[in-house]
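To be precise, the following lines are structure10.csv, and they hold CSV, C-alpha atoms and all ligand atoms.
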```
chain,number,residue,atom,x,y,z
A,1,MET,CA,-17.3,-18.8,4.4
A,2,SER,CA,-15.9,-22.3,3.9
A,3,ALA,CA,-12.6,-22.9,2.0
A,4,PRO,CA,-12.9,-23.5,-1.7
A,5,LEU,CA,-12.9,-27.2,-2.7
A,6,LEU,CA,-10.0,-26.5,-5.0
A,7,GLU,CA,-7.5,-23.6,-5.1
A,8,VAL,CA,-4.9,-23.6,-7.9
A,9,ASN,CA,-2.1,-21.1,-7.5
A,10,ASN,CA,0.4,-20.1,-10.1
A,11,LEU,CA,0.5,-23.7,-11.6
A,12,GLN,CA,3.3,-24.2,-14.1
A,13,VAL,CA,3.6,-27.5,-16.0
A,14,SER,CA,6.3,-28.2,-18.6
A,15,PHE,CA,7.2,-31.1,-20.8
A,16,LYS,CA,11.0,-31.8,-21.1
A,17,MET,CA,11.4,-33.0,-24.7
A,18,PHE,CA,14.5,-33.9,-26.6
A,19,SER,CA,14.1,-30.7,-28.6
A,20,GLY,CA,13.5,-28.4,-25.6
A,21,GLU,CA,11.0,-27.6,-22.9
A,22,VAL,CA,7.3,-27.1,-23.8
A,23,GLN,CA,5.8,-24.7,-21.3
A,24,ALA,CA,2.2,-26.1,-21.5
A,25,VAL,CA,0.8,-24.4,-18.4
A,26,ARG,CA,2.3,-21.0,-17.5
A,27,GLY,CA,1.0,-19.8,-14.2
A,28,VAL,CA,-2.6,-20.8,-13.9
A,29,SER,CA,-4.6,-19.7,-10.8
A,30,PHE,CA,-8.3,-20.3,-10.0
A,31,LYS,CA,-10.7,-21.4,-7.3
A,32,LEU,CA,-13.6,-23.9,-7.4
A,33,ASN,CA,-16.3,-24.0,-4.8
A,34,LYS,CA,-18.1,-27.1,-3.6
A,35,GLY,CA,-20.9,-28.2,-5.9
A,36,GLU,CA,-19.9,-25.6,-8.6
A,37,VAL,CA,-19.6,-26.2,-12.3
A,38,LEU,CA,-16.6,-24.5,-13.9
A,39,ALA,CA,-15.8,-24.7,-17.6
A,40,ILE,CA,-12.3,-24.3,-18.9
A,41,VAL,CA,-12.4,-23.3,-22.6
A,42,GLY,CA,-9.9,-22.6,-25.3
A,43,GLU,CA,-8.5,-23.9,-28.6
A,44,SER,CA,-6.7,-27.2,-28.6
A,45,GLY,CA,-3.1,-26.9,-27.3
A,46,CYS,CA,-4.1,-24.0,-24.9
A,47,GLY,CA,-3.2,-26.1,-21.8
A,48,LYS,CA,-6.7,-26.8,-20.6
A,49,SER,CA,-6.4,-30.6,-20.7
A,50,VAL,CA,-2.9,-30.5,-19.2
A,51,THR,CA,-4.3,-28.3,-16.4
A,52,ALA,CA,-7.1,-30.8,-15.8
A,53,GLN,CA,-4.9,-33.8,-15.9
A,54,THR,CA,-2.4,-32.2,-13.5
A,55,LEU,CA,-5.2,-31.7,-11.0
A,56,MET,CA,-5.3,-35.5,-10.8
A,57,ARG,CA,-1.6,-35.8,-11.5
A,58,LEU,CA,-2.3,-37.9,-14.6
A,59,THR,CA,0.2,-36.3,-17.0
A,60,PRO,CA,3.0,-38.7,-17.7
A,61,SER,CA,6.1,-37.8,-15.7
A,62,PRO,CA,8.6,-37.7,-17.3
A,63,PRO,CA,8.4,-36.0,-19.7
A,64,SER,CA,6.0,-33.7,-17.8
A,65,TYR,CA,6.8,-32.0,-14.5
A,66,ILE,CA,5.2,-29.5,-12.2
A,67,LYS,CA,7.6,-26.6,-12.3
A,68,ALA,CA,5.9,-24.4,-9.7
A,69,GLY,CA,2.6,-23.7,-8.0
A,70,SER,CA,0.2,-25.4,-5.7
A,71,ILE,CA,-3.1,-27.3,-6.0
A,72,MET,CA,-4.9,-27.1,-2.6
A,73,PHE,CA,-7.8,-29.6,-2.3
A,74,ASN,CA,-10.4,-29.2,0.4
A,75,GLY,CA,-8.3,-26.5,2.1
A,76,LYS,CA,-5.6,-28.9,3.4
A,77,THR,CA,-4.0,-31.2,0.8
A,78,ASP,CA,-1.5,-29.9,-1.7
A,79,ILE,CA,-2.0,-32.3,-4.6
A,80,THR,CA,1.4,-31.4,-6.0
A,81,LYS,CA,3.2,-32.7,-2.9
A,82,LEU,CA,1.5,-36.2,-2.7
A,83,SER,CA,3.2,-39.5,-3.5
A,84,GLU,CA,1.7,-41.8,-6.2
A,85,LYS,CA,0.3,-44.0,-3.4
A,86,GLN,CA,-1.5,-41.1,-1.8
A,87,MET,CA,-2.7,-39.9,-5.2
A,88,LYS,CA,-4.3,-43.3,-6.0
A,89,LYS,CA,-6.4,-42.8,-2.9
A,90,VAL,CA,-7.4,-39.3,-3.9
A,91,ARG,CA,-8.2,-40.4,-7.4
A,92,GLY,CA,-10.4,-43.2,-6.2
A,93,GLU,CA,-12.2,-41.4,-3.3
A,94,GLU,CA,-12.1,-37.6,-3.8
A,95,MET,CA,-11.9,-37.0,-7.6
A,96,GLY,CA,-13.2,-38.8,-10.6
A,97,MET,CA,-12.3,-38.2,-14.3
A,98,ILE,CA,-14.3,-38.7,-17.4
A,99,PHE,CA,-12.2,-38.9,-20.6
A,100,GLN,CA,-13.0,-38.1,-24.2
A,101,ASP,CA,-12.9,-41.7,-25.5
A,102,PRO,CA,-14.3,-44.2,-23.0
A,103,MET,CA,-13.1,-47.1,-25.2
A,104,THR,CA,-9.4,-46.3,-24.3
A,105,SER,CA,-10.2,-46.0,-20.6
A,106,LEU,CA,-12.3,-49.1,-20.1
A,107,ASN,CA,-10.8,-52.5,-19.7
A,108,PRO,CA,-11.9,-54.6,-22.7
A,109,THR,CA,-11.4,-57.9,-20.8
A,110,MET,CA,-13.6,-57.1,-17.8
A,111,THR,CA,-17.4,-56.8,-17.6
A,112,VAL,CA,-18.7,-53.4,-16.9
A,113,GLY,CA,-20.1,-54.5,-13.5
A,114,ALA,CA,-16.6,-55.8,-12.4
A,115,GLN,CA,-15.0,-52.5,-13.5
A,116,ILE,CA,-17.5,-50.4,-11.5
A,117,ALA,CA,-17.3,-52.7,-8.5
A,118,GLU,CA,-13.5,-52.8,-8.5
A,119,GLY,CA,-13.1,-49.2,-7.2
A,120,ILE,CA,-15.9,-49.7,-4.6
A,121,ARG,CA,-14.2,-52.9,-3.3
A,122,LYS,CA,-10.7,-51.3,-3.3
A,123,HIS,CA,-11.6,-47.9,-1.7
A,124,GLU,CA,-14.6,-48.9,0.5
A,125,GLY,CA,-13.6,-52.5,1.3
A,126,ALA,CA,-17.1,-53.7,0.2
A,127,SER,CA,-17.7,-57.4,-0.5
A,128,LYS,CA,-18.1,-58.5,-4.1
A,129,SER,CA,-21.9,-58.9,-3.9
A,130,VAL,CA,-22.4,-55.5,-2.2
A,131,ALA,CA,-20.1,-53.8,-4.7
A,132,LEU,CA,-22.1,-55.4,-7.6
A,133,LEU,CA,-25.4,-54.2,-6.1
A,134,ARG,CA,-24.0,-50.7,-6.0
A,135,ALA,CA,-22.8,-51.1,-9.6
A,136,VAL,CA,-26.4,-51.8,-10.6
A,137,GLU,CA,-27.6,-48.7,-8.7
A,138,LEU,CA,-24.9,-46.6,-10.4
A,139,LEU,CA,-25.9,-47.9,-13.8
A,140,LYS,CA,-29.5,-46.9,-13.0
A,141,LEU,CA,-28.3,-43.4,-11.9
A,142,VAL,CA,-26.6,-42.9,-15.2
A,143,GLY,CA,-29.7,-43.9,-17.1
A,144,MET,CA,-28.8,-47.4,-18.4
A,145,SER,CA,-31.7,-49.7,-19.2
A,146,ASN,CA,-31.6,-53.2,-17.8
A,147,PRO,CA,-28.7,-52.6,-15.4
A,148,GLU,CA,-28.9,-56.0,-13.9
A,149,GLU,CA,-28.1,-57.5,-17.3
A,150,ARG,CA,-25.7,-54.7,-18.3
A,151,ILE,CA,-23.3,-55.5,-15.5
A,152,ASN,CA,-22.4,-58.8,-17.2
A,153,GLN,CA,-21.6,-57.2,-20.6
A,154,TYR,CA,-18.2,-56.2,-22.0
A,155,PRO,CA,-17.4,-52.7,-23.3
A,156,HIS,CA,-17.4,-53.9,-26.9
A,157,GLU,CA,-21.0,-55.0,-26.6
A,158,LEU,CA,-22.1,-51.4,-25.8
A,159,SER,CA,-22.6,-48.3,-27.9
A,160,GLY,CA,-20.3,-45.2,-27.6
A,161,GLY,CA,-22.9,-43.4,-25.5
A,162,MET,CA,-23.5,-46.4,-23.2
A,163,ARG,CA,-19.7,-46.7,-22.7
A,164,GLN,CA,-19.5,-43.1,-21.7
A,165,ARG,CA,-22.4,-43.7,-19.2
A,166,VAL,CA,-20.3,-46.6,-17.8
A,167,MET,CA,-17.3,-44.3,-17.4
A,168,ILE,CA,-19.4,-41.8,-15.6
A,169,ALA,CA,-20.7,-44.6,-13.3
A,170,ILE,CA,-17.1,-45.6,-12.6
A,171,SER,CA,-16.1,-42.0,-11.8
A,172,LEU,CA,-19.0,-41.6,-9.4
A,173,ALA,CA,-18.5,-45.0,-7.7
A,174,CYS,CA,-16.9,-43.6,-4.5
A,175,ASN,CA,-19.0,-40.4,-4.3
A,176,PRO,CA,-16.2,-38.0,-5.4
A,177,LYS,CA,-16.3,-34.3,-4.4
A,178,LEU,CA,-14.9,-33.3,-7.8
A,179,LEU,CA,-15.6,-34.7,-11.2
A,180,ILE,CA,-13.3,-33.6,-14.1
A,181,ALA,CA,-14.8,-34.1,-17.5
A,182,ASP,CA,-12.3,-33.7,-20.3
A,183,GLU,CA,-14.2,-33.1,-23.6
A,184,PRO,CA,-16.7,-35.8,-22.5
A,185,THR,CA,-18.8,-35.8,-25.6
A,186,THR,CA,-16.3,-35.1,-28.4
A,187,ALA,CA,-16.2,-38.7,-29.6
A,188,LEU,CA,-20.0,-39.1,-29.6
A,189,ASP,CA,-22.6,-38.1,-32.2
A,190,VAL,CA,-24.7,-35.0,-31.6
A,191,THR,CA,-27.9,-36.6,-30.1
A,192,ILE,CA,-25.8,-38.7,-27.7
A,193,GLN,CA,-23.7,-35.6,-26.8
A,194,ALA,CA,-26.9,-33.8,-25.7
A,195,GLN,CA,-28.0,-36.9,-23.6
A,196,ILE,CA,-24.6,-37.2,-21.9
A,197,MET,CA,-24.6,-33.4,-21.0
A,198,ASP,CA,-28.1,-33.7,-19.7
A,199,LEU,CA,-27.0,-36.7,-17.6
A,200,LEU,CA,-24.0,-34.8,-16.2
A,201,ARG,CA,-26.3,-31.8,-15.3
A,202,ASP,CA,-28.7,-34.2,-13.7
A,203,ILE,CA,-26.1,-36.0,-11.6
A,204,GLN,CA,-24.5,-32.7,-10.5
A,205,LYS,CA,-27.9,-31.6,-9.2
A,206,LYS,CA,-28.6,-34.9,-7.5
A,207,THR,CA,-25.2,-35.4,-5.9
A,208,ASP,CA,-23.9,-31.8,-5.6
A,209,THR,CA,-20.5,-32.9,-7.0
A,210,ALA,CA,-18.4,-30.0,-8.3
A,211,ILE,CA,-17.5,-30.4,-12.0
A,212,ILE,CA,-14.7,-29.0,-14.0
A,213,LEU,CA,-15.7,-29.2,-17.6
A,214,ILE,CA,-12.9,-29.0,-20.2
A,215,THR,CA,-14.3,-28.2,-23.6
A,216,HIS,CA,-13.9,-26.1,-26.8
A,217,ASP,CA,-17.6,-26.0,-27.2
A,218,LEU,CA,-19.1,-22.8,-25.9
A,219,GLY,CA,-22.7,-24.1,-26.5
A,220,VAL,CA,-22.0,-26.9,-23.9
A,221,VAL,CA,-20.6,-24.3,-21.6
A,222,ALA,CA,-23.7,-22.0,-21.8
A,223,GLU,CA,-25.9,-24.9,-20.9
A,224,MET,CA,-24.0,-26.1,-17.9
A,225,ALA,CA,-21.4,-23.9,-16.3
A,226,GLN,CA,-21.7,-21.3,-13.6
A,227,ARG,CA,-18.2,-19.9,-14.1
A,228,VAL,CA,-15.9,-19.9,-17.1
A,229,ILE,CA,-12.1,-19.8,-17.5
A,230,VAL,CA,-10.7,-18.9,-20.9
A,231,MET,CA,-7.2,-20.2,-21.6
A,232,TYR,CA,-4.8,-19.2,-24.3
A,233,ALA,CA,-1.2,-20.4,-24.8
A,234,GLY,CA,-1.0,-21.9,-21.3
A,235,LYS,CA,-2.4,-19.0,-19.4
A,236,VAL,CA,-5.8,-17.9,-18.1
A,237,VAL,CA,-6.7,-14.8,-20.2
A,238,GLU,CA,-10.2,-14.2,-18.8
A,239,GLN,CA,-12.4,-15.6,-16.1
A,240,GLY,CA,-15.8,-14.8,-14.8
A,241,GLU,CA,-19.3,-15.9,-14.3
A,242,LEU,CA,-21.1,-17.3,-17.3
A,243,ASN,CA,-22.8,-14.0,-18.1
A,244,ASP,CA,-19.6,-12.0,-17.7
A,245,ILE,CA,-18.0,-14.1,-20.4
A,246,PHE,CA,-20.9,-14.4,-22.8
A,247,TYR,CA,-22.4,-10.9,-22.4
A,248,ARG,CA,-19.6,-8.6,-21.0
A,249,SER,CA,-16.3,-10.2,-22.2
A,250,ARG,CA,-13.3,-7.9,-22.1
A,251,HIS,CA,-10.7,-9.9,-24.0
A,252,PRO,CA,-10.3,-10.0,-27.8
A,253,TYR,CA,-9.5,-13.8,-27.7
A,254,THR,CA,-12.8,-14.5,-26.0
A,255,TRP,CA,-14.5,-12.3,-28.6
A,256,GLY,CA,-13.0,-14.5,-31.3
A,257,LEU,CA,-14.2,-17.7,-29.6
A,258,LEU,CA,-17.7,-16.3,-29.2
A,259,SER,CA,-17.7,-15.4,-32.9
A,260,SER,CA,-17.5,-19.1,-33.7
A,261,VAL,CA,-20.6,-20.0,-31.9
A,262,PRO,CA,-23.9,-20.1,-33.9
A,263,ARG,CA,-26.6,-17.8,-32.4
A,264,LEU,CA,-30.1,-19.1,-32.0
A,265,ASP,CA,-31.5,-15.8,-33.2
A,266,SER,CA,-29.4,-15.7,-36.4
A,267,ASP,CA,-31.2,-16.1,-39.7
A,268,GLY,CA,-29.1,-19.1,-40.5
A,269,HIS,CA,-27.0,-17.3,-43.0
A,270,THR,CA,-24.5,-15.7,-40.6
A,271,GLU,CA,-21.0,-16.9,-41.3
A,272,LEU,CA,-19.2,-18.5,-38.5
A,273,SER,CA,-15.7,-17.1,-38.1
A,274,SER,CA,-12.6,-18.7,-36.8
A,275,ILE,CA,-9.7,-16.8,-35.3
A,276,PRO,CA,-7.1,-16.2,-38.0
A,277,GLY,CA,-3.5,-17.3,-37.3
A,278,THR,CA,-2.1,-19.9,-35.0
A,279,PRO,CA,-1.2,-20.0,-31.3
A,280,PRO,CA,2.4,-19.3,-30.4
A,281,ASP,CA,5.2,-21.8,-30.1
A,282,LEU,CA,5.2,-22.9,-26.4
A,283,TYR,CA,8.9,-24.0,-26.7
A,284,ALA,CA,9.6,-20.2,-26.8
A,285,PRO,CA,6.5,-18.2,-25.8
A,286,PRO,CA,6.6,-14.6,-26.8
A,287,LYS,CA,7.6,-12.0,-24.3
A,288,GLY,CA,4.4,-9.8,-24.4
A,289,CYS,CA,0.8,-10.8,-24.8
A,290,ALA,CA,0.8,-14.3,-26.4
A,291,PHE,CA,-2.3,-13.3,-28.5
A,292,ALA,CA,-0.7,-10.2,-30.0
A,293,ALA,CA,0.2,-11.8,-33.3
A,294,ARG,CA,-3.5,-12.7,-33.9
A,295,CYS,CA,-5.1,-9.7,-32.2
A,296,PRO,CA,-6.7,-7.0,-34.3
A,297,HIS,CA,-6.3,-4.5,-31.5
A,298,ALA,CA,-2.6,-5.2,-30.6
A,299,MET,CA,-0.7,-2.1,-29.4
A,300,ARG,CA,3.1,-1.6,-28.9
A,301,ILE,CA,2.9,-2.4,-25.2
A,302,CYS,CA,1.2,-5.7,-26.0
A,303,ARG,CA,4.2,-7.0,-27.8
A,304,GLU,CA,6.6,-5.8,-25.0
A,305,THR,CA,4.8,-6.6,-21.7
A,306,ASP,CA,2.5,-9.4,-20.9
A,307,PRO,CA,-0.6,-7.9,-19.2
A,308,ASP,CA,-1.6,-8.8,-15.7
A,309,HIS,CA,-5.3,-9.5,-14.9
A,310,PHE,CA,-7.3,-6.4,-14.7
A,311,LYS,CA,-10.2,-6.6,-12.3
A,312,ILE,CA,-13.5,-5.8,-14.1
A,313,SER,CA,-15.8,-6.7,-11.2
A,314,ASP,CA,-15.7,-9.0,-8.1
A,315,THR,CA,-16.4,-12.0,-10.4
A,316,HIS,CA,-14.7,-11.0,-13.6
A,317,SER,CA,-11.1,-10.3,-14.7
A,318,ALA,CA,-9.3,-10.2,-18.0
A,319,ALA,CA,-5.6,-10.1,-18.9
A,320,CYS,CA,-5.7,-7.5,-21.7
A,321,TRP,CA,-4.2,-4.0,-22.0
A,322,LEU,CA,-7.4,-2.7,-23.4
A,323,ASN,CA,-8.7,-2.7,-19.8
A,324,HIS,CA,-6.1,-0.2,-18.7
A,325,PRO,CA,-7.8,3.1,-17.8
A,326,ASP,CA,-5.5,4.9,-20.4
A,327,ALA,CA,-6.0,2.4,-23.2
A,328,PRO,CA,-8.2,3.3,-26.3
A,329,LYS,CA,-11.8,2.3,-25.7
A,330,VAL,CA,-12.6,-0.8,-27.7
A,331,GLU,CA,-15.7,-2.8,-26.8
A,332,GLN,CA,-16.9,-6.1,-28.0
A,333,SER,CA,-18.9,-5.8,-31.2
A,334,GLU,CA,-19.4,-7.5,-34.6
A,335,GLU,CA,-16.8,-5.1,-36.0
A,336,THR,CA,-14.1,-5.5,-33.3
A,337,GLY,CA,-14.3,-9.3,-33.6
A,338,GLY,CA,-17.0,-10.6,-31.3
A,339,LYS,CA,-20.7,-10.9,-31.5
A,340,VAL,CA,-22.6,-9.0,-28.8
A,341,TYR,CA,-24.8,-11.4,-26.8
A,342,ALA,CA,-26.9,-8.6,-25.3
A,401,LIG,FE1,-4.8,-7.8,-27.9
A,401,LIG,FE2,-3.1,-6.4,-26.6
A,401,LIG,FE3,-5.2,-7.3,-25.4
A,401,LIG,FE4,-3.3,-9.0,-26.1
A,401,LIG,S1,-3.2,-7.3,-24.6
A,401,LIG,S2,-5.4,-9.3,-26.3
A,401,LIG,S3,-2.6,-8.1,-28.0
A,401,LIG,S4,-5.2,-5.8,-27.1
```

Can the structure from this file be put into structure tokens for me?
Ligand code: SF4
Amino acid sequence: MSAPLLEVNNLQVSFKMFSGEVQAVRGVSFKLNKGEVLAIVGESGCGKSVTAQTLMRLTPSPPSYIKAGSIMFNGKTDITKLSEKQMKKVRGEEMGMIFQDPMTSLNPTMTVGAQIAEGIRKHEGASKSVALLRAVELLKLVGMSNPEERINQYPHELSGGMRQRVMIAISLACNPKLLIADEPTTALDVTIQAQIMDLLRDIQKKTDTAIILITHDLGVVAEMAQRVIVMYAGKVVEQGELNDIFYRSRHPYTWGLLSSVPRLDSDGHTELSSIPGTPPDLYAPPKGCAFAARCPHAMRICRETDPDHFKISDTHSAACWLNHPDAPKVEQSEETGGKVYA
């Protein structure tokens, strides 16, 4: 079997602030195969965006720094060891990123055609006219009408949805093997959100690009991802295939997240719950399970010792003491804090 496209091992990222060290990512490990769609989910502040940005070394340093761990790309390059110059090449040619707000990532003084063509010229050495022709093709690929005219427009002349399409075109310009989409639809209204997700799905099928999708929206995850990582307080607390997480979850935090998703078969009167309490202070993370203060099933051991990942199946693991063979049997249910999606 070929090496995974991405292999993250014990990644730890901290921010050194005047008031102390924020341990934003605390030992994250996962693999991503070629052409796979992996979703990373969790509440804001759980470390999912910092993890994603670190994969492209985009967190500002200082104050952030990679404390430990490795990010192997394509089986041979450790991203954590590359110089900024080497990283620029990787960002342009191997990985692309789509951000939440395209307006802050696009250059307001350049036409969209010039912005798409810029990367093609820099990384592929194409002439201006060839790069512009390719920009037109890319705008077609992302579903823009009249691409020949659009290339001469400036970002402020486009709607939010169109600007996000332009961002996607820029990120695809050099045929990356990996696309990281960080909350790509949060700034858009609901109908446009659906169109952008359809577009990403479509592009993934056409180009076989692997996608890491960062989101707090489990509805989006269900439509798109093959595998899911659930993060809490800078750690992966559960990971598995889509059905493992939606139908056979073994972590109370995931149950809480699932409770906040509306069900299609509900009568419309079911109350959506949010998880009571707040995440722990990452200046001084607790010594045991970080979810213990909010978990309705917390036991004494939870407050004393952080659980390792328990293997549930070949595709599924969860870091929760309830999976220990001697632990009380608590299953996901409406009563225990999670809807059962069976
Ligand atoms: Fe709850 Fe304990 Fe599991 Fe943490 S380890 S999620 S506190 S039961």

Give the residue list for ligand LIG 401 (chain A) at 9 Å, counting all atoms listed in the file, as a PDB file with C-alpha atoms, keeping the file's coordinate frame, sorted by chain and then by residue number.
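What follows is the written file pocket.pdb:
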```pdb
ATOM      1  CA  VAL A 237      -6.700 -14.800 -20.200  1.00  0.00           C
ATOM      2  CA  ARG A 250     -13.300  -7.900 -22.100  1.00  0.00           C
ATOM      3  CA  HIS A 251     -10.700  -9.900 -24.000  1.00  0.00           C
ATOM      4  CA  PRO A 252     -10.300 -10.000 -27.800  1.00  0.00           C
ATOM      5  CA  TYR A 253      -9.500 -13.800 -27.700  1.00  0.00           C
ATOM      6  CA  GLY A 288       4.400  -9.800 -24.400  1.00  0.00           C
ATOM      7  CA  CYS A 289       0.800 -10.800 -24.800  1.00  0.00           C
ATOM      8  CA  ALA A 290       0.800 -14.300 -26.400  1.00  0.00           C
ATOM      9  CA  PHE A 291      -2.300 -13.300 -28.500  1.00  0.00           C
ATOM     10  CA  ALA A 292      -0.700 -10.200 -30.000  1.00  0.00           C
ATOM     11  CA  ALA A 293       0.200 -11.800 -33.300  1.00  0.00           C
ATOM     12  CA  ARG A 294      -3.500 -12.700 -33.900  1.00  0.00           C
ATOM     13  CA  CYS A 295      -5.100  -9.700 -32.200  1.00  0.00           C
ATOM     14  CA  PRO A 296      -6.700  -7.000 -34.300  1.00  0.00           C
ATOM     15  CA  HIS A 297      -6.300  -4.500 -31.500  1.00  0.00           C
ATOM     16  CA  ALA A 298      -2.600  -5.200 -30.600  1.00  0.00           C
ATOM     17  CA  MET A 299      -0.700  -2.100 -29.400  1.00  0.00           C
ATOM     18  CA  ARG A 300       3.100  -1.600 -28.900  1.00  0.00           C
ATOM     19  CA  ILE A 301       2.900  -2.400 -25.200  1.00  0.00           C
ATOM     20  CA  CYS A 302       1.200  -5.700 -26.000  1.00  0.00           C
ATOM     21  CA  ARG A 303       4.200  -7.000 -27.800  1.00  0.00           C
ATOM     22  CA  THR A 305       4.800  -6.600 -21.700  1.00  0.00           C
ATOM     23  CA  ASP A 306       2.500  -9.400 -20.900  1.00  0.00           C
ATOM     24  CA  PRO A 307      -0.600  -7.900 -19.200  1.00  0.00           C
ATOM     25  CA  ALA A 318      -9.300 -10.200 -18.000  1.00  0.00           C
ATOM     26  CA  ALA A 319      -5.600 -10.100 -18.900  1.00  0.00           C
ATOM     27  CA  CYS A 320      -5.700  -7.500 -21.700  1.00  0.00           C
ATOM     28  CA  TRP A 321      -4.200  -4.000 -22.000  1.00  0.00           C
ATOM     29  CA  LEU A 322      -7.400  -2.700 -23.400  1.00  0.00           C
ATOM     30  CA  ASN A 323      -8.700  -2.700 -19.800  1.00  0.00           C
ATOM     31  CA  VAL A 330     -12.600  -0.800 -27.700  1.00  0.00           C
TER      32      VAL A 330
END
```

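Distance check against A:Leu158 using only C-alpha atoms: of A:Ile120, A:Leu141, A:Cys174, A:Val112, the minimum falls on A:Val112.
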
key: 8 Å contact set for stretch 72-86 of chain A, only C-alpha atoms, chain neighbours under 2 positions out, as a PyMOL selection string   = chain A and resi 3-8+55-57+66+70+88-90

Would you mind exporting C-alpha atoms of the selected residues as a PDB file, in the frame of the given file?
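Below is the file again_15.pdb, written as the result:
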```
ATOM      1  CA  ALA A   3     -12.600 -22.900   2.000  1.00  0.00           C
ATOM      2  CA  PRO A   4     -12.900 -23.500  -1.700  1.00  0.00           C
ATOM      3  CA  LEU A   5     -12.900 -27.200  -2.700  1.00  0.00           C
ATOM      4  CA  LEU A   6     -10.000 -26.500  -5.000  1.00  0.00           C
ATOM      5  CA  GLU A   7      -7.500 -23.600  -5.100  1.00  0.00           C
ATOM      6  CA  VAL A   8      -4.900 -23.600  -7.900  1.00  0.00           C
ATOM      7  CA  LEU A  55      -5.200 -31.700 -11.000  1.00  0.00           C
ATOM      8  CA  MET A  56      -5.300 -35.500 -10.800  1.00  0.00           C
ATOM      9  CA  ARG A  57      -1.600 -35.800 -11.500  1.00  0.00           C
ATOM     10  CA  ILE A  66       5.200 -29.500 -12.200  1.00  0.00           C
ATOM     11  CA  SER A  70       0.200 -25.400  -5.700  1.00  0.00           C
ATOM     12  CA  LYS A  88      -4.300 -43.300  -6.000  1.00  0.00           C
ATOM     13  CA  LYS A  89      -6.400 -42.800  -2.900  1.00  0.00           C
ATOM     14  CA  VAL A  90      -7.400 -39.300  -3.900  1.00  0.00           C
TER      15      VAL A  90
END
```

message = Given all atoms listed in the file as the basis, pick out the residue of A:Pro280, A:Gly69, A:Pro63, A:Gly161 nearest to A:Gly27.
response = A:Gly69

key: Given only C-alpha atoms as the counted atoms, nearest of A:His156, A:His316, A:Arg150, A:His123 to A:Met103   =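 Of all the options, A:His156 lies closest to A:Met103.
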
ask   = Of the candidates A:Glu238, A:Glu137, A:Asp101, A:Glu148, which shows the shortest atom-to-atom distance to A:Lys311, using only C-alpha atoms?
value = A:Glu238

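The interatomic distance for the pair atom CA of A:Arg163 and atom CA of A:Gln204 works out to 19.2 Å.
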
message = Let me make sure I understand: among A:Gln100, A:Asn175, A:Thr315, A:Thr254, which one has the smallest atom-to-atom distance to A:Val236 if we use only C-alpha atoms?
response =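 Checking each of A:Gln100, A:Asn175, A:Thr315, A:Thr254 against A:Val236, counting only C-alpha atoms, the winner is A:Thr254.
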
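Pairwise distance (atom CA of A:Leu178, atom CA of A:Gly113) equals 22.6 Å.
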
inquiry  = I'd like to know which of A:Lys16, A:Lys329, A:Lys122, A:His324 is closest to A:Pro62, using all atoms listed in the file.
reply    = A:Lys16

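Atom CA of A:Val25 to atom CA of A:Ala68 spans 10.1 Å [interatomic distance, one decimal].
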
Test item: which residues lie within 6 Å of (-15.8, -26.1, -18.4) counting all atoms listed in the file, as number ranges by chain = A: 38-40, 212-215

task = Extract, using only C-alpha atoms, all DNA, RNA and protein residues at most 8 Å from A:Gly42, discarding same-chain residues fewer than 2 positions from it, and format them as a ChimeraX atom specification.
result = /A:40,44,46,48,215-216,230-232,257

Restricting the output to C-alpha atoms, write the selected residues as a short mmCIF file (atom, residue, chain, number, x, y, z; two decimals), keeping the file's coordinate frame.
```
data_model
loop_
_atom_site.label_atom_id
_atom_site.label_comp_id
_atom_site.auth_asym_id
_atom_site.auth_seq_id
_atom_site.Cartn_x
_atom_site.Cartn_y
_atom_site.Cartn_z
CA ILE A 40 -12.30 -24.30 -18.90
CA SER A 44 -6.70 -27.20 -28.60
CA CYS A 46 -4.10 -24.00 -24.90
CA LYS A 48 -6.70 -26.80 -20.60
CA THR A 215 -14.30 -28.20 -23.60
CA HIS A 216 -13.90 -26.10 -26.80
CA VAL A 230 -10.70 -18.90 -20.90
CA MET A 231 -7.20 -20.20 -21.60
CA TYR A 232 -4.80 -19.20 -24.30
CA LEU A 257 -14.20 -17.70 -29.60
#
```

ask   = What residues have an atom no more than 12 Å from (6.5, -35.7, -15.6) in the file's own frame, counting all atoms listed in the file, and can you write them as a PyMOL selection string?
value = chain A and resi 13-17+21-22+50+53-54+57-67+80
